[in-house]
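For reference, final_8.txt is printed below; it contains compact mmCIF, C-alpha atoms and all ligand atoms.
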# COMPACT_ATOMS: atom_id res chain seq x y z
CA MET Y 149 54.14 2.74 10.94
CA SER Y 150 52.18 4.35 8.21
CA ILE Y 151 48.64 5.59 8.72
CA ASP Y 152 46.03 4.13 6.35
CA LEU Y 153 44.47 7.51 5.63
CA GLU Y 154 41.54 6.18 3.61
CA ALA Y 155 40.55 3.80 6.43
CA LEU Y 156 41.03 6.63 8.93
CA TYR Y 157 38.77 8.96 6.94
CA ILE Y 158 36.05 6.34 6.50
CA ASP Y 159 36.14 5.53 10.20
CA LEU Y 160 35.78 9.21 11.14
CA HIS Y 161 33.06 9.67 8.53
CA ARG Y 162 31.06 6.76 9.93
CA HIS Y 163 31.32 8.10 13.47
CA PRO Y 164 30.63 11.84 13.44
CA GLU Y 165 30.07 13.61 16.75
CA LEU Y 166 28.28 16.85 17.62
CA SER Y 167 30.14 19.95 18.79
CA PHE Y 168 31.92 19.58 22.17
CA GLN Y 169 31.11 15.84 22.13
CA GLU Y 170 34.07 14.81 19.96
CA THR Y 171 35.43 12.29 22.48
CA ARG Y 172 35.70 9.32 20.12
CA THR Y 173 37.24 11.51 17.43
CA ALA Y 174 39.76 12.90 19.93
CA GLY Y 175 40.53 9.29 20.91
CA VAL Y 176 41.24 8.38 17.28
CA VAL Y 177 43.52 11.42 17.04
CA THR Y 178 45.48 10.64 20.22
CA ARG Y 179 45.84 6.95 19.31
CA ASN Y 180 47.43 7.95 16.01
CA LEU Y 181 49.66 10.54 17.69
CA GLU Y 182 50.82 7.92 20.18
CA GLN Y 183 51.69 5.53 17.38
CA LEU Y 184 53.61 8.28 15.59
CA GLY Y 185 55.46 9.07 18.81
CA ILE Y 186 54.27 12.69 18.78
CA GLU Y 187 53.89 14.57 22.08
CA PHE Y 188 50.34 15.80 22.79
CA GLU Y 189 47.85 16.98 25.40
CA GLU Y 190 44.15 16.14 25.31
CA GLY Y 191 41.00 17.54 26.92
CA ILE Y 192 41.92 21.13 26.04
CA GLY Y 193 38.74 23.23 25.80
CA ARG Y 194 36.76 20.09 26.74
CA THR Y 195 37.55 17.75 23.81
CA GLY Y 196 40.41 19.49 21.97
CA VAL Y 197 43.82 17.94 21.35
CA ALA Y 198 47.10 19.73 20.64
CA ALA Y 199 50.32 18.07 19.52
CA VAL Y 200 53.85 19.34 19.02
CA ILE Y 201 56.89 18.29 16.98
CA ARG Y 202 59.96 20.08 18.40
CA ASN Y 203 62.71 20.05 15.82
CA GLY Y 204 65.30 22.61 16.80
CA ALA Y 205 65.56 26.33 16.24
CA GLY Y 206 63.21 28.06 13.83
CA PRO Y 207 59.70 29.36 13.45
CA VAL Y 208 56.68 27.95 15.23
CA VAL Y 209 54.00 26.91 12.72
CA TRP Y 210 50.50 26.12 13.95
CA LEU Y 211 48.34 23.81 11.82
CA ARG Y 212 44.66 23.64 12.72
CA ALA Y 213 41.89 21.13 11.99
CA ASP Y 214 38.36 21.10 13.41
CA MET Y 215 36.65 17.86 14.46
CA ASP Y 216 32.89 18.29 14.85
CA GLY Y 217 29.99 16.96 12.78
CA LEU Y 218 26.52 18.46 12.24
CA PRO Y 219 22.92 17.53 13.06
CA VAL Y 220 22.21 16.47 9.46
CA GLU Y 221 20.80 13.14 8.23
CA GLU Y 222 23.22 11.78 5.62
CA ARG Y 223 21.63 10.99 2.25
CA THR Y 224 24.71 10.27 0.15
CA ALA Y 225 24.00 6.51 -0.13
CA LEU Y 226 27.75 5.93 0.21
CA PRO Y 227 28.72 2.52 1.62
CA TYR Y 228 30.34 4.37 4.53
CA ALA Y 229 27.47 6.85 5.06
CA SER Y 230 26.82 7.85 8.66
CA THR Y 231 23.85 6.48 10.55
CA ALA Y 232 25.03 8.06 13.80
CA ARG Y 233 22.76 9.94 16.17
CA GLY Y 234 23.48 12.31 18.99
CA ILE Y 235 21.86 14.42 21.68
CA ASP Y 236 21.91 18.13 20.88
CA PRO Y 237 22.16 20.85 23.56
CA SER Y 238 18.37 21.08 23.84
CA GLY Y 239 18.23 17.37 24.73
CA GLN Y 240 16.85 16.28 21.36
CA ASP Y 241 17.92 13.08 19.64
CA VAL Y 242 19.25 14.11 16.21
CA PRO Y 243 21.01 12.49 13.23
CA VAL Y 244 24.71 13.37 12.92
CA MET Y 245 26.81 13.69 9.78
CA HIS Y 246 30.22 15.01 8.79
CA ALA Y 247 28.47 17.37 6.36
CA CYS Y 248 31.19 20.01 6.51
CA GLY Y 249 34.22 17.81 5.83
CA HIS Y 250 35.86 18.14 9.24
CA ASP Y 251 36.60 14.40 9.06
CA MET Y 252 38.75 15.21 6.01
CA HIS Y 253 40.45 18.04 7.93
CA VAL Y 254 41.44 15.66 10.74
CA THR Y 255 42.62 12.99 8.29
CA ALA Y 256 44.75 15.50 6.36
CA LEU Y 257 46.35 16.93 9.49
CA LEU Y 258 47.28 13.49 10.86
CA GLY Y 259 48.71 12.57 7.44
CA ALA Y 260 50.72 15.81 7.38
CA LEU Y 261 52.08 15.22 10.89
CA GLU Y 262 53.25 11.77 9.87
CA ARG Y 263 55.07 13.26 6.86
CA LEU Y 264 56.62 16.09 8.86
CA GLN Y 265 57.70 13.67 11.60
CA ALA Y 266 59.31 11.38 8.99
CA THR Y 267 61.24 14.23 7.36
CA THR Y 268 62.64 16.09 10.38
CA ASP Y 269 66.12 16.06 8.83
CA ALA Y 270 64.83 18.34 6.05
CA TRP Y 271 63.43 21.16 8.21
CA SER Y 272 63.87 22.86 11.54
CA GLY Y 273 61.50 24.68 13.85
CA THR Y 274 58.38 23.66 15.71
CA VAL Y 275 55.07 22.34 14.43
CA VAL Y 276 52.02 22.62 16.67
CA ALA Y 277 48.91 20.76 15.48
CA VAL Y 278 45.56 21.81 16.91
CA PHE Y 279 42.55 19.48 16.69
CA GLN Y 280 39.75 21.83 17.65
CA PRO Y 281 36.25 21.01 18.88
CA ALA Y 282 32.99 22.84 18.16
CA GLU Y 283 33.85 24.96 15.15
CA GLU Y 284 30.19 24.75 14.13
CA TYR Y 285 29.26 26.57 17.35
CA GLY Y 286 31.95 29.15 16.72
CA ALA Y 287 33.13 28.31 20.23
CA GLY Y 288 35.86 25.66 20.09
CA SER Y 289 38.91 27.80 19.43
CA GLU Y 290 38.00 30.21 22.22
CA ALA Y 291 37.44 27.24 24.54
CA MET Y 292 40.94 25.92 23.78
CA ILE Y 293 42.44 29.39 24.27
CA ALA Y 294 40.57 29.84 27.56
CA ASP Y 295 42.04 26.49 28.59
CA GLY Y 296 45.55 27.83 27.96
CA VAL Y 297 46.52 26.23 24.63
CA LEU Y 298 48.56 29.33 23.73
CA ASP Y 299 50.56 29.03 26.98
CA ARG Y 300 50.83 25.24 27.16
CA PHE Y 301 52.38 25.07 23.67
CA PRO Y 302 54.96 27.25 21.88
CA ARG Y 303 53.22 30.40 20.62
CA PRO Y 304 52.64 30.64 16.86
CA ASP Y 305 54.72 32.65 14.42
CA ILE Y 306 52.02 31.78 11.89
CA VAL Y 307 48.67 29.99 12.00
CA LEU Y 308 47.65 27.88 8.98
CA GLY Y 309 44.43 26.05 8.32
CA GLN Y 310 42.37 24.63 5.48
CA HIS Y 311 38.75 23.82 4.73
CA LEU Y 312 37.23 21.40 2.27
CA THR Y 313 34.96 23.06 -0.28
CA PRO Y 314 32.93 22.07 -3.37
CA LEU Y 315 35.62 23.02 -5.89
CA PRO Y 316 37.14 20.41 -8.23
CA ALA Y 317 39.59 18.13 -6.43
CA GLY Y 318 43.11 19.37 -7.06
CA LEU Y 319 42.16 23.04 -6.86
CA ILE Y 320 43.09 25.39 -4.01
CA GLY Y 321 41.15 28.59 -3.37
CA VAL Y 322 42.84 31.27 -1.32
CA ARG Y 323 42.34 35.01 -1.09
CA SER Y 324 44.55 37.71 0.34
CA GLY Y 325 42.79 39.89 2.92
CA THR Y 326 39.26 39.06 4.04
CA GLN Y 327 38.64 35.42 3.12
CA MET Y 328 35.51 34.88 5.20
CA ALA Y 329 32.95 37.22 6.72
CA ALA Y 330 32.52 38.21 10.32
CA SER Y 331 29.23 37.15 11.83
CA ASP Y 332 27.07 37.76 14.86
CA GLY Y 333 24.11 35.78 16.08
CA LEU Y 334 21.56 37.98 17.88
CA THR Y 335 18.44 37.18 19.87
CA VAL Y 336 15.89 39.99 20.00
CA THR Y 337 13.04 39.77 22.51
CA LEU Y 338 10.21 42.19 21.80
CA LEU Y 339 8.17 42.94 24.89
CA GLY Y 340 4.46 43.70 24.54
CA ARG Y 341 1.44 43.25 26.79
CA GLY Y 342 -0.62 40.09 26.39
CA GLY Y 343 -4.39 39.78 26.47
CA HIS Y 344 -7.54 38.51 24.76
CA GLY Y 345 -7.53 38.36 20.97
CA SER Y 346 -10.93 40.09 20.93
CA ARG Y 347 -9.57 43.14 22.80
CA PRO Y 348 -6.44 44.21 20.91
CA HIS Y 349 -6.81 47.81 22.12
CA ALA Y 350 -6.06 46.62 25.67
CA THR Y 351 -2.80 44.96 24.62
CA ILE Y 352 0.51 45.83 23.02
CA ASP Y 353 0.72 43.23 20.30
CA PRO Y 354 4.25 41.80 19.94
CA VAL Y 355 3.23 39.82 16.83
CA VAL Y 356 2.55 42.99 14.87
CA MET Y 357 5.66 44.55 16.41
CA ALA Y 358 7.71 41.55 15.23
CA ALA Y 359 6.23 41.66 11.74
CA ALA Y 360 7.02 45.37 11.37
CA THR Y 361 10.52 44.84 12.77
CA VAL Y 362 11.30 42.00 10.35
CA MET Y 363 10.16 44.06 7.37
CA ARG Y 364 12.00 47.19 8.46
CA LEU Y 365 15.21 45.19 9.06
CA GLN Y 366 15.17 44.31 5.33
CA THR Y 367 16.00 47.95 4.60
CA VAL Y 368 19.21 47.99 6.65
CA VAL Y 369 21.27 46.40 3.88
CA SER Y 370 19.16 47.48 0.89
CA ARG Y 371 18.89 51.19 1.87
CA GLU Y 372 21.68 51.92 4.32
CA VAL Y 373 24.74 49.95 3.22
CA ASP Y 374 26.86 50.99 0.24
CA PRO Y 375 25.91 48.55 -2.56
CA ARG Y 376 29.62 47.88 -3.17
CA GLU Y 377 29.95 46.48 0.34
CA MET Y 378 29.05 42.91 1.38
CA ALA Y 379 26.60 42.70 4.28
CA VAL Y 380 23.78 40.37 5.28
CA VAL Y 381 20.96 40.79 7.80
CA THR Y 382 18.90 37.59 8.04
CA VAL Y 383 16.03 36.94 10.44
CA GLY Y 384 16.26 33.16 10.62
CA SER Y 385 13.66 32.49 13.27
CA ILE Y 386 10.56 34.18 14.64
CA HIS Y 387 8.46 32.86 17.50
CA ALA Y 388 5.41 34.27 19.27
CA GLY Y 389 2.14 33.04 20.63
CA LEU Y 390 0.40 29.71 21.20
CA LYS Y 391 -3.22 30.22 20.15
CA ASN Y 392 -5.34 32.29 17.75
CA ASN Y 393 -7.32 34.20 20.37
CA ILE Y 394 -4.48 35.05 22.75
CA ILE Y 395 -2.25 38.02 22.11
CA PRO Y 396 1.09 36.94 23.60
CA ALA Y 397 3.29 39.06 25.82
CA GLU Y 398 6.46 38.75 23.80
CA ALA Y 399 7.99 37.75 20.48
CA LYS Y 400 11.49 36.40 19.83
CA LEU Y 401 13.59 36.93 16.72
CA GLU Y 402 16.92 35.32 15.90
CA LEU Y 403 19.20 37.23 13.56
CA SER Y 404 22.34 36.36 11.64
CA LEU Y 405 24.49 39.33 10.62
CA ARG Y 406 27.52 39.18 8.28
CA TYR Y 407 30.11 41.78 7.29
CA THR Y 408 33.68 42.07 6.07
CA ASP Y 409 35.30 44.00 8.92
CA GLU Y 410 34.98 45.49 12.39
CA PRO Y 411 33.90 49.02 11.34
CA ALA Y 412 31.10 47.45 9.27
CA ARG Y 413 30.06 45.36 12.26
CA GLU Y 414 29.73 48.45 14.44
CA ARG Y 415 27.78 50.35 11.81
CA ILE Y 416 25.34 47.54 11.03
CA MET Y 417 24.85 46.55 14.67
CA ALA Y 418 23.93 50.17 15.45
CA LYS Y 419 21.43 50.28 12.56
CA VAL Y 420 19.82 46.98 13.58
CA GLU Y 421 19.52 48.17 17.16
CA ARG Y 422 18.01 51.50 16.04
CA VAL Y 423 15.35 49.75 13.92
CA VAL Y 424 14.46 47.26 16.67
CA ARG Y 425 14.12 49.98 19.31
CA ALA Y 426 12.23 52.35 17.01
CA GLU Y 427 9.67 49.72 16.00
CA ALA Y 428 9.06 48.91 19.66
CA LEU Y 429 8.54 52.61 20.35
CA ALA Y 430 6.24 52.92 17.33
CA SER Y 431 4.18 50.04 18.75
CA GLY Y 432 3.86 51.79 22.08
CA ALA Y 433 5.94 49.19 23.94
CA GLU Y 434 6.28 50.01 27.63
CA GLU Y 435 9.61 48.25 27.92
CA PRO Y 436 12.50 48.39 25.49
CA PRO Y 437 13.35 45.22 23.55
CA VAL Y 438 16.14 43.01 24.86
CA ILE Y 439 18.98 42.46 22.37
CA ALA Y 440 21.50 39.73 23.21
CA VAL Y 441 24.59 38.66 21.21
CA GLN Y 442 24.65 34.85 21.17
CA HIS Y 443 27.95 34.48 19.37
CA SER Y 444 30.40 36.71 17.60
CA LEU Y 445 32.96 35.60 15.03
CA PRO Y 446 35.67 37.89 13.67
CA PRO Y 447 36.33 38.11 9.93
CA THR Y 448 38.86 35.56 8.69
CA ILE Y 449 41.59 37.81 7.31
CA ASN Y 450 44.52 36.30 5.45
CA ASP Y 451 47.81 38.10 6.02
CA VAL Y 452 48.84 39.72 2.73
CA ASP Y 453 52.58 38.86 2.82
CA ALA Y 454 52.12 35.33 4.16
CA THR Y 455 49.38 34.63 1.59
CA ALA Y 456 51.63 35.76 -1.26
CA ARG Y 457 54.40 33.44 0.00
CA LEU Y 458 51.99 30.55 0.34
CA VAL Y 459 50.40 31.05 -3.08
CA SER Y 460 53.80 30.86 -4.77
CA ALA Y 461 54.70 27.77 -2.74
CA PHE Y 462 51.44 26.11 -3.81
CA GLU Y 463 52.01 27.13 -7.44
CA ARG Y 464 55.54 25.72 -7.39
CA SER Y 465 54.26 22.41 -5.98
CA PHE Y 466 50.97 21.98 -7.82
CA GLY Y 467 51.19 24.24 -10.89
CA GLU Y 468 49.93 27.75 -11.53
CA ASP Y 469 46.47 26.56 -12.58
CA ALA Y 470 45.98 24.79 -9.26
CA VAL Y 471 45.48 27.98 -7.24
CA ILE Y 472 42.57 30.40 -7.68
CA ASP Y 473 41.12 33.37 -5.82
CA PRO Y 474 37.64 32.09 -4.88
CA GLY Y 475 36.46 35.52 -3.72
CA MET Y 476 35.24 36.23 -0.23
CA PHE Y 477 32.98 33.66 1.41
CA THR Y 478 29.99 34.89 3.42
CA GLY Y 479 30.40 31.97 5.84
CA SER Y 480 32.40 32.46 9.03
CA GLU Y 481 35.09 30.60 10.97
CA ASP Y 482 36.60 30.73 14.44
CA VAL Y 483 40.13 29.73 13.33
CA SER Y 484 41.37 33.30 13.44
CA TRP Y 485 41.13 33.53 17.25
CA PHE Y 486 44.34 31.43 17.43
CA ALA Y 487 46.13 34.01 15.27
CA ARG Y 488 44.52 37.06 16.89
CA ARG Y 489 45.15 35.94 20.46
CA GLY Y 490 48.53 34.48 19.56
CA GLY Y 491 49.63 37.70 17.84
CA ALA Y 492 50.51 35.90 14.59
CA PRO Y 493 49.45 36.18 10.93
CA LEU Y 494 46.90 33.73 9.54
CA VAL Y 495 46.44 32.01 6.20
CA PHE Y 496 43.29 29.93 5.76
CA TRP Y 497 42.63 28.31 2.39
CA PHE Y 498 40.05 26.04 0.75
CA TRP Y 499 40.69 22.85 -1.17
CA GLY Y 500 38.42 21.07 -3.58
CA GLY Y 501 36.82 17.66 -3.06
CA VAL Y 502 34.53 17.29 -6.10
CA ASP Y 503 35.29 14.85 -8.93
CA PRO Y 504 36.72 17.23 -11.58
CA GLN Y 505 34.68 15.59 -14.38
CA VAL Y 506 31.43 15.92 -12.44
CA TYR Y 507 32.30 19.54 -11.70
CA ALA Y 508 33.19 20.30 -15.33
CA ALA Y 509 29.89 18.76 -16.55
CA ALA Y 510 27.88 20.84 -14.05
CA ALA Y 511 29.82 23.97 -15.00
CA ALA Y 512 29.19 23.33 -18.72
CA GLY Y 513 25.47 22.81 -18.07
CA GLY Y 514 25.20 25.80 -15.76
CA THR Y 515 23.94 23.53 -12.97
CA ILE Y 516 26.63 23.87 -10.29
CA ASP Y 517 24.10 25.12 -7.70
CA GLU Y 518 21.78 22.15 -8.34
CA ASP Y 519 24.29 19.36 -8.96
CA ILE Y 520 27.22 20.05 -6.64
CA PRO Y 521 26.26 19.60 -2.98
CA THR Y 522 27.76 22.23 -0.71
CA ASN Y 523 29.01 22.00 2.85
CA HIS Y 524 26.15 21.28 5.30
CA SER Y 525 24.13 19.47 2.59
CA PRO Y 526 22.94 15.89 3.38
CA PHE Y 527 24.53 14.96 0.01
CA PHE Y 528 27.98 16.44 0.75
CA ALA Y 529 30.37 13.69 -0.35
CA PRO Y 530 33.98 14.50 -1.26
CA VAL Y 531 35.76 12.02 -3.52
CA LEU Y 532 38.38 10.20 -1.44
CA HIS Y 533 41.18 10.57 -3.98
CA PRO Y 534 42.97 12.80 -4.58
CA THR Y 535 41.21 14.83 -1.87
CA ILE Y 536 42.94 13.04 1.02
CA GLU Y 537 46.40 13.15 -0.58
CA ARG Y 538 46.03 16.81 -1.56
CA GLY Y 539 44.81 17.72 1.91
CA VAL Y 540 48.01 16.21 3.32
CA GLU Y 541 50.29 17.77 0.71
CA ASN Y 542 48.73 21.23 1.11
CA LEU Y 543 49.56 21.22 4.81
CA VAL Y 544 53.07 19.84 4.31
CA VAL Y 545 53.90 22.37 1.58
CA ALA Y 546 52.43 25.19 3.66
CA ALA Y 547 54.20 24.19 6.88
CA ARG Y 548 57.54 23.71 5.11
CA GLU Y 549 57.24 27.14 3.46
CA PHE Y 550 57.21 28.80 6.88
CA LEU Y 551 59.60 26.45 8.71
CA SER Y 552 63.36 26.77 8.25
CA ALA Y 553 65.15 24.53 5.79
CA SER Y 554 67.91 22.57 7.46
ZN ZN P 601 30.37 23.95 8.67
ZN ZN P 602 33.39 23.58 8.49
So, in terms of structure tokens, how does the structure I just supplied come out?
Amino acid sequence: MSIDLEALYIDLHRHPELSFQETRTAGVVTRNLEQLGIEFEEGIGRTGVAAVIRNGAGPVVWLRADMDGLPVEERTALPYASTARGIDPSGQDVPVMHACGHDMHVTALLGALERLQATTDAWSGTVVAVFQPAEEYGAGSEAMIADGVLDRFPRPDIVLGQHLTPLPAGLIGVRSGTQMAASDGLTVTLLGRGGHGSRPHATIDPVVMAAATVMRLQTVVSREVDPREMAVVTVGSIHAGLKNNIIPAEAKLELSLRYTDEPARERIMAKVERVVRAEALASGAEEPPVIAVQHSLPPTINDVDATARLVSAFERSFGEDAVIDPGMFTGSEDVSWFARRGGAPLVFWFWGGVDPQVYAAAAAGGTIDEDIPTNHSPFFAPVLHPTIERGVENLVVAAREFLSAS
């Protein structure tokens, strides 16, 4: 059999599912694996699937794709645009879209498995393919690891993965060292004392405390971090109070923090905590604020030696102009848990999905930010070709580079 990859992609694109709800997607994956005659296990970390091609002695290469969509209403006007809806964790009915390209990741990995399975006489070793849930929660890879994926399958000698990005189709972006930032999501609850809006002196006003805290947090990066270093402190949500004449008892802030490495994380976390506690003290709070880490993602660090090998393999296959260093991305990923917990190096690269002519016109006009929709945009719409084919080839070239030749 031969998988119709375009039909597969369109089917996945039409039927996106929210994080940890990827049951239909996992079903599409397992149906294709069955038809290819590839051994797999499903339901790992709730909805994850892992597959293995055992082909004699040699290195164990892990290839990873993520499967989840996002609560975004698609506005691409494509004939195969998603009209799907889902129920988010708060119980709300929301639109769902593959706005991050994970449908392309799944398509490319299935296409690569078919190719590797058809060419087993040309290589030896083991290929493990991981179809991961809930990347957008930063929780799916840890869920699969907690469910034993590293013990149920041969452990990796290297972990490889790729992400679709708004570069011209045909281009690969990969960077040695830190490719993506580490991030933490924090919830800060500021505790005051509620009361009547006409009697502020009898209260400890958490609204003012929150306002001062938000402003003071802006100085963490601007005044305390070396300007040559990348760091972000964003307060993305602030909630307090229900009515104009009631001073509430507490205020809640949600923060997103980004940095390049672990020492930076420790330094910036300590600074954020100091500011939050000090502003509460300055407000006369009777109880210290409560700081909770909602999620924590490590930096995505590409192994230097493995990246150099992979870059030359890509250049040999696609030409020297086809590979660029895109710089570090301030987004974050949970792919590196497989490498960290598995004790193996990681290489994670980006591949382009934008029509090269459209991209060149935007670049010439200086309108890339306006005209080229990024991941998570309701207009995110990779061109099908050659994005699908290149997604497959990238994985095959990468896997073959680290497998043994037979
Ligand atoms: Zn995403
Ligand atoms: Zn993504």
If you take all atoms listed in the file and a cut-off of 8 Å, which residues of chain Y touch ligand ZN 602 (chain P), and what are their nearest atom pairs and distances in Å to one decimal, in chain and number order, as a tab-separated table?
residue	atom	partner	partner_atom	distance
Y:Asp214	CA	P:ZN602	ZN	7.4
Y:Cys248	CA	P:ZN602	ZN	4.6
Y:Gly249	CA	P:ZN602	ZN	6.4
Y:His250	CA	P:ZN602	ZN	6.0
Y:Glu283	CA	P:ZN602	ZN	6.8
Y:Glu284	CA	P:ZN602	ZN	6.6
Y:His311	CA	P:ZN602	ZN	6.6
Y:Leu312	CA	P:ZN602	ZN	7.6
Y:Glu481	CA	P:ZN602	ZN	7.6
Y:Asn523	CA	P:ZN602	ZN	7.3
Grab me every residue within 12 Å of ligand ZN 601 (chain P), counting all atoms listed in the file, and send it over as JSON, numbers by chain.
{"Y": [166, 167, 214, 215, 216, 217, 218, 219, 220, 245, 246, 247, 248, 249, 250, 251, 253, 282, 283, 284, 285, 286, 311, 312, 313, 479, 480, 481, 482, 522, 523, 524, 525, 528]}
May I have the residues from that selection written out with C-alpha atoms, as a CSV table (one decimal), in the frame of the given file?
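Generated output (out21.csv):
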chain,number,residue,atom,x,y,z
Y,166,LEU,CA,28.3,16.8,17.6
Y,167,SER,CA,30.1,20.0,18.8
Y,214,ASP,CA,38.4,21.1,13.4
Y,215,MET,CA,36.6,17.9,14.5
Y,216,ASP,CA,32.9,18.3,14.8
Y,217,GLY,CA,30.0,17.0,12.8
Y,218,LEU,CA,26.5,18.5,12.2
Y,219,PRO,CA,22.9,17.5,13.1
Y,220,VAL,CA,22.2,16.5,9.5
Y,245,MET,CA,26.8,13.7,9.8
Y,246,HIS,CA,30.2,15.0,8.8
Y,247,ALA,CA,28.5,17.4,6.4
Y,248,CYS,CA,31.2,20.0,6.5
Y,249,GLY,CA,34.2,17.8,5.8
Y,250,HIS,CA,35.9,18.1,9.2
Y,251,ASP,CA,36.6,14.4,9.1
Y,253,HIS,CA,40.4,18.0,7.9
Y,282,ALA,CA,33.0,22.8,18.2
Y,283,GLU,CA,33.8,25.0,15.2
Y,284,GLU,CA,30.2,24.8,14.1
Y,285,TYR,CA,29.3,26.6,17.4
Y,286,GLY,CA,32.0,29.2,16.7
Y,311,HIS,CA,38.8,23.8,4.7
Y,312,LEU,CA,37.2,21.4,2.3
Y,313,THR,CA,35.0,23.1,-0.3
Y,479,GLY,CA,30.4,32.0,5.8
Y,480,SER,CA,32.4,32.5,9.0
Y,481,GLU,CA,35.1,30.6,11.0
Y,482,ASP,CA,36.6,30.7,14.4
Y,522,THR,CA,27.8,22.2,-0.7
Y,523,ASN,CA,29.0,22.0,2.8
Y,524,HIS,CA,26.2,21.3,5.3
Y,525,SER,CA,24.1,19.5,2.6
Y,528,PHE,CA,28.0,16.4,0.8
Using only C-alpha atoms, tabulate the residues of stretch 361-452 of chain Y lying at most 12 Å from any atom of stretch 457-462 of chain Y, each with its closest atom pair and that distance in Å to one decimal, by chain and increasing residue number, as CSV.
residue,atom,partner,partner_atom,distance
Y:Asn450,CA,Y:Leu458,CA,10.7
Y:Asp451,CA,Y:Arg457,CA,10.1
Y:Val452,CA,Y:Arg457,CA,8.8
Measuring between only C-alpha atoms, which one of Y:Thr535, Y:Ser289, Y:Ser404, Y:Asn392 shows the shortest distance to Y:Arg488?
Y:Ser289
Once you count only C-alpha atoms, which residues end up no further than 12 Å from (37.3, 39.5, 7.4) in the file's frame, shown as a VMD selection string?
chain Y and resid 323 to 331 378 to 379 406 to 413 445 to 451 475 to 484 494 to 496
Place a sphere of radius 12 Å on (43.3, 9.9, -5.1) in the file coordinates and name every protein, DNA or RNA residue with an atom inside or on its surface, counting only C-alpha atoms; give the answer as a PDB file with C-alpha atoms, in the frame of the given file.
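This is the output file out38.pdb:
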ATOM      1  CA  LEU Y 153      44.470   7.510   5.630  1.00  0.00           C
ATOM      2  CA  GLU Y 154      41.540   6.180   3.610  1.00  0.00           C
ATOM      3  CA  ALA Y 317      39.590  18.130  -6.430  1.00  0.00           C
ATOM      4  CA  GLY Y 318      43.110  19.370  -7.060  1.00  0.00           C
ATOM      5  CA  GLY Y 501      36.820  17.660  -3.060  1.00  0.00           C
ATOM      6  CA  VAL Y 502      34.530  17.290  -6.100  1.00  0.00           C
ATOM      7  CA  ASP Y 503      35.290  14.850  -8.930  1.00  0.00           C
ATOM      8  CA  PRO Y 504      36.720  17.230 -11.580  1.00  0.00           C
ATOM      9  CA  PRO Y 530      33.980  14.500  -1.260  1.00  0.00           C
ATOM     10  CA  VAL Y 531      35.760  12.020  -3.520  1.00  0.00           C
ATOM     11  CA  LEU Y 532      38.380  10.200  -1.440  1.00  0.00           C
ATOM     12  CA  HIS Y 533      41.180  10.570  -3.980  1.00  0.00           C
ATOM     13  CA  PRO Y 534      42.970  12.800  -4.580  1.00  0.00           C
ATOM     14  CA  THR Y 535      41.210  14.830  -1.870  1.00  0.00           C
ATOM     15  CA  ILE Y 536      42.940  13.040   1.020  1.00  0.00           C
ATOM     16  CA  GLU Y 537      46.400  13.150  -0.580  1.00  0.00           C
ATOM     17  CA  ARG Y 538      46.030  16.810  -1.560  1.00  0.00           C
ATOM     18  CA  GLY Y 539      44.810  17.720   1.910  1.00  0.00           C
ATOM     19  CA  VAL Y 540      48.010  16.210   3.320  1.00  0.00           C
TER      20      VAL Y 540
END
Y:Leu338 surroundings by only C-alpha atoms, 8 Å radius, close-in-sequence under 4 positions cut, as a count of residues only
10
For stretch 497-505 of chain Y, I'd like the enclosing box, axis-aligned and padded by 4 Å on every side, reported as JSON with centre and edge lengths in Å to one decimal.
{"center_x": 38.6, "center_y": 21.6, "center_z": -6.0, "size_x": 16.1, "size_y": 21.5, "size_z": 24.8}
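For the choices Y:Ile158, Y:Leu264, Y:Val307, Y:Ala430, the atom-to-atom distance to Y:Gly340 is smallest for Y:Ala430 when using only C-alpha atoms.
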Residue nearest Y:Arg212 among Y:Tyr228, Y:Trp271, Y:Trp497, Y:Tyr507 (counting only C-alpha atoms):
Y:Trp497
Might you pull out every residue within 12 Å of Y:Asp374, with only C-alpha atoms counted and same-chain residues fewer than 6 positions away left off, and present them as an MDAnalysis selection string?
chainID Y and resid 368 412 415:416
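Proximity ranking of Y:Ala199, Y:Leu319, Y:Val383, Y:Leu551 relative to Y:Val297 places Y:Ala199 first, based on all atoms listed in the file.
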Restricting the calculation to only C-alpha atoms: of Y:Ser465, Y:Ser272, Y:Gln240, Y:Asn393, which residue gets closest to Y:Arg347?
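Going through Y:Ser465, Y:Ser272, Y:Gln240, Y:Asn393 one by one, the smallest distance to Y:Arg347 is for Y:Asn393.
Every protein or nucleic acid residue with an atom no more than 10 Å from Y:Ala397, counting all atoms listed in the file and leaving out same-chain residues fewer than 6 positions away, appears here: Leu338, Leu339, Gly340, Arg341, Gly342, Gly343, Thr351, Ile352, Asp353, Pro354, Val355, Ala388 and Gly389 of chain Y.
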Identify which of the residues Y:Gly384, Y:Pro316, Y:Pro493, Y:Gly204 lies closest to Y:Gly333, counting all atoms listed in the file when measuring atom-to-atom distances.
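Closest to Y:Gly333, using all atoms listed in the file: Y:Gly384.
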Please measure the separation of atom CA of Y:Leu211 and atom CA of Y:Glu190, giving the value in Å to one decimal.
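Those two atoms sit 16.1 Å apart.
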Between atom CA of Y:Asp299 and atom CA of Y:Thr455, what is the distance in Å, rounded to a tenth?
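Pair atom CA of Y:Asp299 / atom CA of Y:Thr455 returns 26.0 Å.
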Report, in Å with one decimal, the straight-line distance from atom CA of Y:Met363 to atom CA of Y:Ile395.
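According to the coordinates, atom CA of Y:Met363 and atom CA of Y:Ile395 are separated by 20.2 Å.
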Might you pull out every residue within 10 Å of Y:Arg194, with all atoms listed in the file counted and same-chain residues fewer than 3 positions away left off, and present them as a ChimeraX atom specification?
/Y:168-171,190-191,197,280-282,288,291-292,295
